[in-house]
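Undergrad: Below is the file model04.cif, which contains mmCIF, C-alpha atoms and all ligand atoms.
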```
data_start
#
loop_
_atom_site.label_atom_id
_atom_site.label_comp_id
_atom_site.auth_asym_id
_atom_site.auth_seq_id
_atom_site.Cartn_x
_atom_site.Cartn_y
_atom_site.Cartn_z
CA MET A 1 -1.89 -18.10 -3.77
CA LYS A 2 0.94 -20.66 -3.92
CA THR A 3 4.36 -19.43 -5.06
CA SER A 4 4.70 -22.39 -7.46
CA THR A 5 1.45 -21.43 -9.21
CA LEU A 6 2.54 -17.80 -9.47
CA SER A 7 5.95 -18.82 -10.86
CA GLU A 8 4.30 -21.05 -13.42
CA LEU A 9 2.13 -18.13 -14.56
CA ALA A 10 5.15 -15.83 -14.86
CA THR A 11 6.95 -18.28 -17.15
CA GLN A 12 4.18 -18.02 -19.73
CA PHE A 13 5.35 -14.56 -20.79
CA THR A 14 8.03 -13.88 -23.39
CA VAL A 15 10.72 -12.73 -21.02
CA ASP A 16 13.43 -14.87 -19.45
CA ILE A 17 13.45 -14.59 -15.71
CA ILE A 18 15.04 -16.56 -12.92
CA ILE A 19 12.66 -16.07 -10.04
CA ASP A 20 14.00 -15.53 -6.56
CA THR A 21 10.88 -14.48 -4.57
CA ILE A 22 7.22 -13.65 -5.27
CA LYS A 23 5.31 -11.60 -2.68
CA PRO A 24 2.05 -9.61 -2.50
CA PHE A 25 2.77 -5.94 -3.15
CA GLY A 26 1.15 -2.49 -2.99
CA ASN A 27 -2.15 -1.23 -1.60
CA GLY A 28 -4.49 -1.16 -4.59
CA TYR A 29 -8.21 -1.75 -4.00
CA ILE A 30 -8.86 -3.56 -7.26
CA ASN A 31 -6.17 -5.88 -8.64
CA ASP A 32 -3.94 -8.50 -6.95
CA THR A 33 -0.35 -7.40 -7.33
CA TYR A 34 2.79 -9.51 -6.73
CA LEU A 35 6.40 -8.37 -6.85
CA ILE A 36 8.79 -10.87 -8.45
CA THR A 37 12.42 -10.46 -7.50
CA THR A 38 14.91 -12.21 -9.74
CA MET A 39 18.43 -13.57 -9.84
CA PRO A 40 21.10 -12.36 -10.17
CA SER A 41 20.26 -9.40 -7.95
CA SER A 42 21.37 -7.00 -10.71
CA ALA A 43 18.60 -8.32 -13.05
CA PRO A 44 15.34 -6.37 -13.35
CA ASN A 45 12.37 -7.21 -11.13
CA TYR A 46 8.80 -7.66 -12.37
CA ILE A 47 5.20 -7.34 -11.30
CA LEU A 48 2.71 -10.12 -11.88
CA GLN A 49 -0.82 -8.79 -11.59
CA ARG A 50 -4.18 -10.50 -11.60
CA LYS A 51 -6.59 -8.09 -13.26
CA ASN A 52 -9.99 -7.94 -11.66
CA HIS A 53 -12.17 -9.25 -14.47
CA LYS A 54 -15.38 -8.82 -12.47
CA ILE A 55 -14.71 -5.09 -12.60
CA PHE A 56 -12.92 -4.92 -15.96
CA LYS A 57 -15.31 -7.04 -18.01
CA ASN A 58 -13.26 -6.71 -21.21
CA VAL A 59 -9.68 -7.38 -20.13
CA ALA A 60 -8.56 -8.00 -23.73
CA GLY A 61 -9.90 -4.55 -24.73
CA MET A 62 -8.32 -2.98 -21.66
CA MET A 63 -4.93 -4.49 -22.52
CA ASP A 64 -5.31 -3.20 -26.10
CA ASN A 65 -5.83 0.28 -24.62
CA ILE A 66 -2.70 -0.15 -22.54
CA ARG A 67 -0.68 -1.35 -25.53
CA ILE A 68 -1.85 1.62 -27.63
CA THR A 69 -1.16 4.22 -24.93
CA THR A 70 2.22 2.87 -23.81
CA ASP A 71 3.41 2.46 -27.44
CA HIS A 72 2.31 6.02 -28.17
CA ILE A 73 4.13 7.46 -25.15
CA ARG A 74 7.24 5.35 -25.82
CA LYS A 75 7.46 6.68 -29.40
CA GLN A 76 7.28 10.24 -28.13
CA LEU A 77 9.98 9.62 -25.54
CA ILE A 78 12.24 8.08 -28.20
CA ALA A 79 11.59 11.01 -30.57
CA VAL A 80 12.84 13.55 -28.03
CA GLY A 81 15.87 11.44 -27.07
CA THR A 82 14.74 10.63 -23.52
CA THR A 83 17.11 8.48 -21.48
CA GLU A 84 16.03 5.54 -19.28
CA ILE A 85 12.75 5.20 -21.17
CA GLU A 86 11.85 2.00 -19.32
CA ARG A 87 11.55 4.02 -16.10
CA LYS A 88 9.27 6.62 -17.72
CA VAL A 89 6.63 4.46 -19.33
CA MET A 90 5.19 1.11 -18.28
CA THR A 91 6.63 -1.96 -20.05
CA TYR A 92 4.14 -4.82 -20.36
CA TYR A 93 5.24 -8.22 -21.73
CA SER A 94 3.41 -10.35 -24.28
CA ALA A 95 2.40 -13.90 -23.61
CA LYS A 96 3.54 -16.54 -26.10
CA ASN A 97 0.32 -16.07 -28.12
CA GLY A 98 1.04 -12.34 -28.53
CA ASN A 99 -1.57 -11.11 -26.03
CA LEU A 100 -0.55 -8.86 -23.15
CA PHE A 101 -2.27 -11.28 -20.75
CA ILE A 102 -2.73 -14.97 -20.01
CA ASN A 103 -5.63 -16.88 -18.52
CA ASP A 104 -5.24 -19.41 -15.70
CA ASP A 105 -7.34 -22.57 -15.30
CA GLU A 106 -9.99 -20.67 -13.36
CA GLY A 107 -10.43 -18.03 -16.06
CA ASN A 108 -8.51 -15.31 -14.23
CA PHE A 109 -6.49 -12.81 -16.26
CA TRP A 110 -2.81 -12.21 -15.47
CA THR A 111 -0.36 -9.61 -16.76
CA LEU A 112 3.38 -9.20 -16.34
CA PHE A 113 5.18 -5.87 -16.40
CA LEU A 114 8.52 -4.40 -15.48
CA PHE A 115 9.00 -3.24 -11.90
CA ILE A 116 10.38 0.25 -12.24
CA ALA A 117 13.73 0.21 -10.49
CA ASP A 118 14.65 2.65 -7.73
CA SER A 119 11.13 4.00 -7.58
CA LYS A 120 8.66 4.58 -4.79
CA SER A 121 4.96 5.22 -4.56
CA VAL A 122 3.45 7.07 -1.61
CA GLU A 123 0.15 6.47 0.11
CA SER A 124 -0.10 10.06 1.33
CA ILE A 125 1.54 13.15 -0.03
CA GLU A 126 4.74 14.16 1.76
CA ASN A 127 5.09 17.87 0.95
CA PRO A 128 3.92 20.60 -1.46
CA ALA A 129 6.93 20.12 -3.75
CA GLN A 130 5.88 16.51 -4.29
CA ALA A 131 2.30 17.65 -5.04
CA TYR A 132 3.65 20.14 -7.60
CA SER A 133 5.72 17.41 -9.30
CA ALA A 134 2.86 14.89 -9.29
CA ALA A 135 0.55 17.47 -10.86
CA ARG A 136 3.06 18.27 -13.59
CA ALA A 137 3.36 14.55 -14.30
CA PHE A 138 -0.40 13.99 -14.52
CA GLY A 139 -0.76 17.08 -16.74
CA HIS A 140 2.12 15.88 -18.90
CA PHE A 141 0.52 12.43 -19.17
CA GLN A 142 -2.68 14.02 -20.54
CA LYS A 143 -0.57 16.05 -22.96
CA GLN A 144 1.28 12.94 -24.16
CA LEU A 145 -2.06 11.37 -25.07
CA ALA A 146 -3.61 14.50 -26.56
CA ASP A 147 -2.85 13.50 -30.16
CA LEU A 148 -4.04 9.91 -29.80
CA PRO A 149 -7.49 9.61 -31.41
CA GLY A 150 -10.04 8.80 -28.70
CA GLU A 151 -11.91 6.30 -30.87
CA LYS A 152 -8.94 3.92 -30.67
CA LEU A 153 -9.64 3.32 -26.99
CA ILE A 154 -12.54 1.44 -25.45
CA GLU A 155 -14.23 2.41 -22.20
CA THR A 156 -12.69 -0.16 -19.85
CA ILE A 157 -15.46 0.50 -17.33
CA PRO A 158 -18.43 2.01 -19.14
CA ASN A 159 -19.65 5.29 -17.61
CA PHE A 160 -16.85 5.16 -15.05
CA HIS A 161 -17.08 8.83 -14.01
CA ASN A 162 -20.51 9.54 -15.45
CA GLY A 163 -22.32 11.21 -12.55
CA ILE A 164 -25.76 10.63 -14.03
CA SER A 165 -25.15 6.91 -14.40
CA ARG A 166 -23.48 6.66 -10.95
CA LEU A 167 -26.48 8.41 -9.42
CA ASN A 168 -28.77 5.97 -11.16
CA ASP A 169 -26.78 2.98 -9.80
CA PHE A 170 -27.00 4.51 -6.33
CA LYS A 171 -30.78 4.91 -6.53
CA ILE A 172 -31.16 1.31 -7.76
CA ALA A 173 -29.01 0.05 -4.89
CA ILE A 174 -31.17 1.94 -2.36
CA LYS A 175 -34.36 0.62 -3.92
CA GLU A 176 -33.19 -2.99 -4.00
CA ASP A 177 -31.49 -2.81 -0.59
CA LYS A 178 -29.97 -6.26 -1.25
CA ALA A 179 -27.93 -6.42 1.95
CA GLY A 180 -30.59 -4.78 4.18
CA ARG A 181 -28.26 -1.88 4.97
CA VAL A 182 -30.24 1.17 3.88
CA LYS A 183 -32.05 1.79 7.18
CA ASP A 184 -30.30 4.20 9.57
CA HIS A 185 -28.58 6.11 6.75
CA GLN A 186 -31.31 8.45 5.53
CA ASP A 187 -29.28 11.50 6.47
CA LEU A 188 -26.35 10.41 4.32
CA ILE A 189 -28.65 9.51 1.43
CA GLU A 190 -30.21 12.98 1.55
CA LYS A 191 -26.83 14.67 1.58
CA ILE A 192 -25.94 12.89 -1.66
CA LEU A 193 -29.29 13.41 -3.38
CA ASN A 194 -29.49 17.12 -2.41
CA ARG A 195 -26.37 17.78 -4.45
CA SER A 196 -27.30 15.76 -7.52
CA GLU A 197 -28.50 18.61 -9.76
CA GLN A 198 -25.32 20.61 -9.26
CA MET A 199 -22.99 17.60 -9.49
CA THR A 200 -24.40 16.08 -12.65
CA SER A 201 -23.59 19.35 -14.48
CA LEU A 202 -20.16 17.94 -15.36
CA GLN A 203 -21.68 15.07 -17.31
CA ARG A 204 -24.17 17.42 -18.98
CA GLY A 205 -21.23 19.65 -19.98
CA LEU A 206 -19.56 16.68 -21.70
CA GLU A 207 -22.80 15.72 -23.42
CA ASN A 208 -23.50 19.23 -24.74
CA LYS A 209 -19.79 19.62 -25.59
CA THR A 210 -19.15 22.71 -23.50
CA LEU A 211 -16.49 20.47 -21.93
CA PRO A 212 -14.15 18.51 -24.24
CA LEU A 213 -13.70 14.75 -24.11
CA ARG A 214 -10.00 13.85 -23.93
CA ILE A 215 -7.96 10.78 -23.11
CA THR A 216 -7.47 10.80 -19.39
CA HIS A 217 -6.10 8.55 -16.67
CA ASN A 218 -9.24 8.48 -14.53
CA ASP A 219 -7.61 7.12 -11.37
CA THR A 220 -5.12 9.77 -10.28
CA LYS A 221 -4.70 8.62 -6.71
CA ILE A 222 -1.27 9.58 -5.45
CA ASN A 223 -0.17 5.92 -5.25
CA ASN A 224 -0.65 5.67 -9.01
CA ILE A 225 2.50 7.65 -9.72
CA LEU A 226 6.08 6.55 -9.13
CA PHE A 227 8.75 8.94 -7.87
CA ASP A 228 12.53 8.62 -7.87
CA LYS A 229 14.59 9.03 -4.71
CA ASN A 230 14.69 12.82 -5.21
CA ASN A 231 10.88 12.95 -5.37
CA GLU A 232 10.94 13.62 -9.09
CA PRO A 233 8.04 11.87 -10.85
CA LEU A 234 9.13 8.96 -13.00
CA CYS A 235 6.07 7.32 -14.39
CA VAL A 236 2.28 7.33 -14.22
CA ILE A 237 1.11 3.76 -13.49
CA ASP A 238 -2.15 1.79 -13.08
CA LEU A 239 -3.28 2.37 -16.65
CA ASP A 240 -6.39 0.17 -16.43
CA THR A 241 -8.74 3.13 -16.59
CA VAL A 242 -6.99 5.16 -19.30
CA MET A 243 -9.84 5.95 -21.71
CA PRO A 244 -11.88 8.88 -23.00
CA GLY A 245 -12.80 11.20 -20.14
CA SER A 246 -12.59 14.74 -18.83
CA ALA A 247 -9.36 16.40 -17.69
CA LEU A 248 -11.46 17.50 -14.71
CA TYR A 249 -11.73 13.89 -13.51
CA ASP A 250 -7.95 13.67 -13.16
CA PHE A 251 -7.51 17.01 -11.42
CA GLY A 252 -10.49 16.42 -9.11
CA ASP A 253 -9.52 12.87 -8.23
CA ALA A 254 -5.96 13.82 -7.37
CA ILE A 255 -7.21 16.51 -4.98
CA ARG A 256 -9.68 13.98 -3.59
CA SER A 257 -6.67 11.84 -2.79
CA ILE A 258 -4.13 14.43 -1.55
CA GLY A 259 -6.08 17.52 -0.49
CA ASN A 260 -7.36 15.72 2.60
CA LYS A 261 -5.01 15.68 5.59
CA ALA A 262 -6.61 12.42 6.76
CA PRO A 263 -6.67 9.04 5.00
CA GLU A 264 -9.60 8.06 2.81
CA ASP A 265 -10.99 5.80 5.55
CA GLU A 266 -10.47 8.10 8.57
CA PRO A 267 -13.14 7.22 11.17
CA ASP A 268 -12.60 10.44 13.19
CA LEU A 269 -14.32 13.05 11.05
CA SER A 270 -12.75 15.93 13.00
CA LYS A 271 -9.42 14.97 11.41
CA ILE A 272 -10.68 15.61 7.89
CA ILE A 273 -9.08 18.94 7.10
CA PHE A 274 -8.35 20.62 3.78
CA ASN A 275 -4.68 20.98 2.97
CA THR A 276 -4.44 24.40 1.35
CA GLU A 277 -0.68 24.23 0.71
CA ILE A 278 -0.96 20.91 -1.09
CA TYR A 279 -3.94 22.08 -3.14
CA THR A 280 -2.11 25.28 -4.14
CA ALA A 281 1.02 23.40 -5.18
CA PHE A 282 -1.00 20.82 -7.13
CA ALA A 283 -3.06 23.48 -8.93
CA GLN A 284 0.09 25.41 -9.87
CA GLY A 285 1.89 22.26 -11.05
CA TYR A 286 -1.08 21.10 -13.08
CA LEU A 287 -1.62 24.47 -14.73
CA SER A 288 2.08 24.70 -15.55
CA SER A 289 1.81 21.64 -17.80
CA ALA A 290 -1.85 21.77 -18.84
CA ARG A 291 -2.68 25.45 -19.21
CA ASP A 292 -1.78 25.51 -22.90
CA PHE A 293 -4.31 22.83 -23.82
CA LEU A 294 -7.12 23.38 -21.27
CA THR A 295 -10.15 25.42 -22.35
CA SER A 296 -11.32 28.30 -20.15
CA GLU A 297 -14.42 26.26 -19.28
CA GLU A 298 -12.15 23.52 -17.92
CA VAL A 299 -9.98 25.96 -15.94
CA ASN A 300 -13.10 27.58 -14.48
CA ASN A 301 -14.30 24.17 -13.30
CA LEU A 302 -11.08 22.86 -11.72
CA ALA A 303 -12.14 23.74 -8.17
CA PHE A 304 -15.62 22.34 -8.82
CA SER A 305 -14.11 19.09 -10.14
CA CYS A 306 -12.70 18.37 -6.67
CA ARG A 307 -16.17 18.56 -5.17
CA TYR A 308 -17.57 16.49 -8.03
CA MET A 309 -15.06 13.67 -7.56
CA ALA A 310 -15.63 13.64 -3.79
CA TRP A 311 -19.40 13.45 -4.35
CA GLU A 312 -19.02 10.67 -6.91
CA GLN A 313 -16.66 8.72 -4.65
CA THR A 314 -19.00 9.12 -1.65
CA MET A 315 -21.73 7.63 -3.78
CA ARG A 316 -19.48 4.81 -5.06
CA PHE A 317 -18.37 3.75 -1.57
CA PHE A 318 -21.95 4.03 -0.31
CA THR A 319 -23.39 2.08 -3.25
CA ASP A 320 -20.87 -0.68 -2.58
CA PHE A 321 -21.72 -0.71 1.13
CA ILE A 322 -25.45 -0.96 0.34
CA ASN A 323 -24.84 -3.72 -2.22
CA GLY A 324 -22.94 -5.78 0.37
CA ASP A 325 -19.27 -4.87 -0.38
CA LEU A 326 -18.94 -6.43 -3.81
CA TYR A 327 -16.54 -3.98 -5.49
CA TYR A 328 -13.80 -2.55 -3.28
CA LYS A 329 -11.44 -4.65 -1.20
CA THR A 330 -12.35 -4.06 2.44
CA ALA A 331 -10.26 -4.68 5.55
CA TYR A 332 -13.09 -4.97 8.12
CA PRO A 333 -16.92 -5.07 8.24
CA GLY A 334 -18.31 -1.59 7.71
CA HIS A 335 -15.13 -0.35 6.01
CA ASN A 336 -17.09 1.00 3.04
CA LEU A 337 -19.43 2.88 5.38
CA VAL A 338 -16.46 4.46 7.14
CA ARG A 339 -15.06 5.45 3.74
CA THR A 340 -18.45 6.88 2.75
CA LYS A 341 -18.74 9.06 5.86
CA ALA A 342 -15.15 10.25 5.55
CA GLN A 343 -15.64 11.11 1.88
CA MET A 344 -18.90 12.94 2.62
CA ARG A 345 -17.19 14.97 5.32
CA TYR A 346 -14.37 15.76 2.90
CA LEU A 347 -16.92 17.02 0.38
CA GLU A 348 -18.35 19.36 3.04
CA VAL A 349 -14.84 20.58 3.84
CA LEU A 350 -14.26 21.29 0.14
CA GLU A 351 -17.54 23.21 0.05
CA GLU A 352 -16.40 25.29 3.02
CA ASN A 353 -13.20 26.10 1.09
CA ARG A 354 -14.89 26.79 -2.23
CA GLU A 355 -14.01 30.49 -2.64
CA GLN A 356 -10.43 30.03 -1.60
CA MET A 357 -10.01 27.10 -4.01
CA GLU A 358 -11.42 29.13 -6.89
CA GLU A 359 -9.14 32.09 -6.13
CA ILE A 360 -6.07 29.82 -6.09
CA VAL A 361 -6.87 28.49 -9.58
CA ALA A 362 -7.62 32.01 -10.84
CA LYS A 363 -4.23 33.24 -9.59
CA GLY A 364 -2.60 30.23 -11.33
P1 LIG B 401 -4.45 -1.38 -8.31
O1 LIG B 401 -5.21 -1.22 -9.60
O2 LIG B 401 -4.94 -2.52 -7.50
O3 LIG B 401 -4.39 -0.09 -7.58
P2 LIG B 401 -1.70 -0.89 -9.27
O4 LIG B 401 -1.42 -1.22 -10.71
O5 LIG B 401 -1.87 0.54 -8.92
O6 LIG B 401 -2.94 -1.78 -8.75
O7 LIG B 401 -0.49 -1.50 -8.42
C1 LIG B 401 -0.50 -1.47 -7.00
C2 LIG B 401 0.77 -0.83 -6.47
O8 LIG B 401 1.94 -1.53 -6.97
C3 LIG B 401 1.00 0.63 -6.90
O9 LIG B 401 0.32 1.55 -6.09
C4 LIG B 401 2.53 0.75 -6.79
O10 LIG B 401 2.90 0.95 -5.43
C5 LIG B 401 3.02 -0.63 -7.20
N1 LIG B 401 3.38 -0.67 -8.64
C6 LIG B 401 2.53 -0.86 -9.67
N2 LIG B 401 3.16 -0.84 -10.85
C7 LIG B 401 4.49 -0.68 -10.58
C8 LIG B 401 5.67 -0.61 -11.39
N3 LIG B 401 5.64 -0.74 -12.73
N4 LIG B 401 6.87 -0.44 -10.74
C9 LIG B 401 6.92 -0.32 -9.40
N5 LIG B 401 5.84 -0.38 -8.59
C10 LIG B 401 4.63 -0.56 -9.16
C1 LIG B 402 -9.74 2.35 -6.83
O1 LIG B 402 -7.33 0.75 -8.08
P1 LIG B 402 -7.11 1.87 -7.13
O2 LIG B 402 -6.95 1.43 -5.72
O3 LIG B 402 -6.00 2.77 -7.63
C2 LIG B 402 -10.74 2.72 -7.91
C3 LIG B 402 -10.81 4.25 -8.05
C4 LIG B 402 -11.23 4.85 -6.72
C5 LIG B 402 -10.24 4.42 -5.66
C6 LIG B 402 -10.68 4.90 -4.29
C7 LIG B 402 -10.86 0.84 -11.12
O4 LIG B 402 -8.45 2.78 -7.22
O5 LIG B 402 -11.73 4.62 -9.05
O6 LIG B 402 -11.26 6.23 -6.82
O7 LIG B 402 -10.10 2.98 -5.61
N1 LIG B 402 -10.39 2.10 -9.16
C8 LIG B 402 -11.34 1.49 -9.89
O8 LIG B 402 -9.62 4.80 -3.42
O9 LIG B 402 -12.51 1.44 -9.56
MG MG B 403 -3.51 1.67 -8.15
#
```
Would you write the structure of this file as C-alpha cells?
TA:
Amino acid sequence: MKTSTLSELATQFTVDIIIDTIKPFGNGYINDTYLITTMPSSAPNYILQRKNHKIFKNVAGMMDNIRITTDHIRKQLIAVGTTEIERKVMTYYSAKNGNLFINDDEGNFWTLFLFIADSKSVESIENPAQAYSAARAFGHFQKQLADLPGEKLIETIPNFHNGISRLNDFKIAIKEDKAGRVKDHQDLIEKILNRSEQMTSLQRGLENKTLPLRITHNDTKINNILFDKNNEPLCVIDLDTVMPGSALYDFGDAIRSIGNKAPEDEPDLSKIIFNTEIYTAFAQGYLSSARDFLTSEEVNNLAFSCRYMAWEQTMRFFTDFINGDLYYKTAYPGHNLVRTKAQMRYLEVLEENREQMEEIVAKG
C-alpha cells in the first residue's frame, strides 16, 4: 500500500501527527498493521491498522466492544492511581465522526491507536519468569473485566471457540472439499474426529452452566502482550476478540502458544516438545492472579483446556487448508497443512504429558 494513501488515512483521526515514516509491522495472521513514526522524534508513535472485515463482519460492533473494555480498564487504573496509564491500556483514537474507525474508498476499515513506547512483543517465550509475568497479566486482564456486564459486548466472531460449531464447520469443509484437498489426509481427519466427544465437553459445560461465561480475551498468543525492557508485562493488546467466553480459552490458548518448544508451523515434528518449565511458571502465574475468582470446575479443567485449544486450532488450520486458505495469512503453499500437522503433534504431546500437567495445576 502506498505511503501517501496510508498518511491520508491517518490524518482522518482526531489526533495531530506529523508523520515521518509508515512501515508494515508485527507478525499477526489477521490484520494489516503499520507503524507510524512521527516528528519530532520525542513525539509518540502510532499504529494504523486495517481490520480484517471478512473475518470481523461487524467492525463497528467490535470497535464498540473495544471502546467499552478500554474505557472500563482505564477508569480502574485511574481509580487506583496508576502511573503511565497510556502504557497499560490501549488508546484508540476517534475519527472526526466520533467512530473509532474510518472506511476507505474500497470499504476497508482502518483504526489508529497509540504505539506503546519502550515496549516489546515476543514471538516465542524467552524464559519461565516471562511466562509467569505474562500469565499474571492475562489473569489480571480477566479480573479487570470481571465486573463488566457481558451483555454489553457482542460476539465479534460468533462461536469463535465453540468446539461444537468448529467441528461442524470442519465436517462441512470435508464434505464440500472445495479445493480438492481432502484426499490423502484421512489419518489426520480421523485423529480429529476420534477426539470430538471428549473435546466438545467444554462447550457442553458452558451450555449447562457447570462452567461460567466470563469476558475473556480469546487470543492469548504470546505476541498479544507487550513487555517493558525488564520483561515486566505492560499491556494486553489485540483486543479484537475480547467478548464473552471461558477463562479456559485464555489459559489453554496461551499454553498452546508457549508450551511448545517449536514454532506453530514447525515442519519437523520431532522438534515438537512440551516445555514443562514454561507450563509450570505460566500455571503458577495465572493461578496467582485468577485463583480468587476461578471456580473449582475451571481449575480442574485448566490442563484439559490446553488440549482443547490445540484440538480446536488443529481443526481451524485444517479447515482453512481444506477450504483453500481463505482465513489465515500464509507464507507458502501448504503452510496451513504444515500448521495442522504441527498442531496435531502438539496435541499428542500434551496428551502424553496429561498427568504431569494436572499435578502441576493441583500443586498450584
Ligand atoms: P493481529 O490481529 O494481526 O495479530 P495485532 O493487533 O496483534 O494484530 O498487532 C500485530 C503486532 O503489532 C503485535 O503482535 C505487536 O507486536 C504489535 N503491536 C500491536 N499493538 C501495539 C501497540 N499498541 N504498541 C506496540 N506494539 C503493538
Ligand atoms: C490468529 O491475530 P493473531 O495472529 O493474534 C487467530 C487466533 C489463532 C492464531 C493462531 C481472530 O491470531 O484465533 O489462534 O491466529 N485470530 C483470529 O496463530 O482468528
Ligand atoms: Mg495479534
Undergrad: List every protein, DNA or RNA residue that has an atom no more than 12 Å from (-1.5, 14.9, -32.2) in the file's coordinate frame, counting all atoms listed in the file, and report them as JSON, numbers by chain.
TA: {"A": [72, 73, 76, 142, 143, 144, 145, 146, 147, 148, 149, 150, 214, 215, 293]}
Undergrad: Which chains and residue numbers are within 6 Å of ligand LIG 402 (chain B), counting all atoms listed in the file, if I want them as a list in words?
TA: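 Based on all atoms listed in the file, ligand LIG 402 (chain B) is surrounded within 6 Å by Gly28, Tyr29, Ile30 and Asp219 of chain A.
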Undergrad: Can you pull out every residue with an atom within 7 Å of ligand MG 403 (chain B)? Use only C-alpha atoms and all ligand atoms and format it as number ranges by chain.
TA: A: 28, 223-224, 238
Undergrad: Go ahead and compute the interatomic distance for CA of Leu153 in chain A and CA of Phe304 in chain A, in Å to one decimal.
TA: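 These atoms are spaced 27.0 Å apart.
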Undergrad: As lines of an AutoDock Vina configuration file, what would the box around range 242-247 of chain A look like: edges along x, y and z, 6 Å added on every side, centre and edge lengths in Å to one decimal?
TA:
```
center_x = -9.9
center_y = 10.8
center_z = -20.3
size_x = 17.8
size_y = 23.2
size_z = 17.3
```
Undergrad: My list of candidates is A:Ala117, A:Leu77, A:Ala60, A:Ala262. Which is closest to Ile47 in chain A when distances are computed with only C-alpha atoms?
TA: A:Ala117
Undergrad: For ligand LIG 401 (chain B), which residue out of A:His53, A:Lys261, A:Arg307, A:Arg166 is the nearest one, using all atoms listed in the file?
TA: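 Going through A:His53, A:Lys261, A:Arg307, A:Arg166 one by one, the smallest distance to ligand LIG 401 (chain B) is for A:His53.
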Undergrad: Output requested as a PDB file, in the coordinates of the input - range 133-145 of chain A, filled out with N, CA, C and O atoms.
TA:
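And here is the file that came out, part.pdb:
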```pdb
ATOM      1  N   SER A 133       5.129  18.335  -8.324  1.00  0.00           N
ATOM      2  CA  SER A 133       5.720  17.410  -9.300  1.00  0.00           C
ATOM      3  C   SER A 133       4.676  16.405  -9.806  1.00  0.00           C
ATOM      4  O   SER A 133       4.636  16.097 -11.002  1.00  0.00           O
ATOM      5  N   ALA A 134       3.870  15.880  -8.884  1.00  0.00           N
ATOM      6  CA  ALA A 134       2.860  14.890  -9.290  1.00  0.00           C
ATOM      7  C   ALA A 134       1.888  15.530 -10.273  1.00  0.00           C
ATOM      8  O   ALA A 134       1.510  14.926 -11.287  1.00  0.00           O
ATOM      9  N   ALA A 135       1.503  16.773 -10.002  1.00  0.00           N
ATOM     10  CA  ALA A 135       0.550  17.470 -10.860  1.00  0.00           C
ATOM     11  C   ALA A 135       1.142  17.690 -12.250  1.00  0.00           C
ATOM     12  O   ALA A 135       0.470  17.510 -13.266  1.00  0.00           O
ATOM     13  N   ARG A 136       2.396  18.087 -12.283  1.00  0.00           N
ATOM     14  CA  ARG A 136       3.060  18.270 -13.590  1.00  0.00           C
ATOM     15  C   ARG A 136       3.041  16.955 -14.359  1.00  0.00           C
ATOM     16  O   ARG A 136       2.803  16.923 -15.563  1.00  0.00           O
ATOM     17  N   ALA A 137       3.303  15.861 -13.640  1.00  0.00           N
ATOM     18  CA  ALA A 137       3.360  14.550 -14.300  1.00  0.00           C
ATOM     19  C   ALA A 137       1.975  14.137 -14.819  1.00  0.00           C
ATOM     20  O   ALA A 137       1.865  13.640 -15.943  1.00  0.00           O
ATOM     21  N   PHE A 138       0.936  14.355 -14.030  1.00  0.00           N
ATOM     22  CA  PHE A 138      -0.400  13.990 -14.520  1.00  0.00           C
ATOM     23  C   PHE A 138      -0.806  14.879 -15.703  1.00  0.00           C
ATOM     24  O   PHE A 138      -1.401  14.416 -16.677  1.00  0.00           O
ATOM     25  N   GLY A 139      -0.464  16.163 -15.629  1.00  0.00           N
ATOM     26  CA  GLY A 139      -0.760  17.080 -16.740  1.00  0.00           C
ATOM     27  C   GLY A 139       0.010  16.661 -17.986  1.00  0.00           C
ATOM     28  O   GLY A 139      -0.522  16.634 -19.099  1.00  0.00           O
ATOM     29  N   HIS A 140       1.278  16.296 -17.777  1.00  0.00           N
ATOM     30  CA  HIS A 140       2.120  15.880 -18.900  1.00  0.00           C
ATOM     31  C   HIS A 140       1.573  14.596 -19.530  1.00  0.00           C
ATOM     32  O   HIS A 140       1.570  14.444 -20.759  1.00  0.00           O
ATOM     33  N   PHE A 141       1.097  13.697 -18.685  1.00  0.00           N
ATOM     34  CA  PHE A 141       0.520  12.430 -19.170  1.00  0.00           C
ATOM     35  C   PHE A 141      -0.668  12.733 -20.101  1.00  0.00           C
ATOM     36  O   PHE A 141      -0.784  12.168 -21.190  1.00  0.00           O
ATOM     37  N   GLN A 142      -1.538  13.655 -19.676  1.00  0.00           N
ATOM     38  CA  GLN A 142      -2.680  14.020 -20.540  1.00  0.00           C
ATOM     39  C   GLN A 142      -2.183  14.608 -21.857  1.00  0.00           C
ATOM     40  O   GLN A 142      -2.727  14.325 -22.924  1.00  0.00           O
ATOM     41  N   LYS A 143      -1.123  15.409 -21.749  1.00  0.00           N
ATOM     42  CA  LYS A 143      -0.570  16.050 -22.960  1.00  0.00           C
ATOM     43  C   LYS A 143       0.012  14.996 -23.904  1.00  0.00           C
ATOM     44  O   LYS A 143      -0.172  15.070 -25.121  1.00  0.00           O
ATOM     45  N   GLN A 144       0.694  13.996 -23.329  1.00  0.00           N
ATOM     46  CA  GLN A 144       1.280  12.940 -24.160  1.00  0.00           C
ATOM     47  C   GLN A 144       0.208  12.205 -24.966  1.00  0.00           C
ATOM     48  O   GLN A 144       0.470  11.685 -26.042  1.00  0.00           O
ATOM     49  N   LEU A 145      -0.998  12.137 -24.401  1.00  0.00           N
ATOM     50  CA  LEU A 145      -2.060  11.370 -25.070  1.00  0.00           C
ATOM     51  C   LEU A 145      -2.994  12.252 -25.894  1.00  0.00           C
ATOM     52  O   LEU A 145      -3.946  11.757 -26.503  1.00  0.00           O
TER      53      LEU A 145
END
```
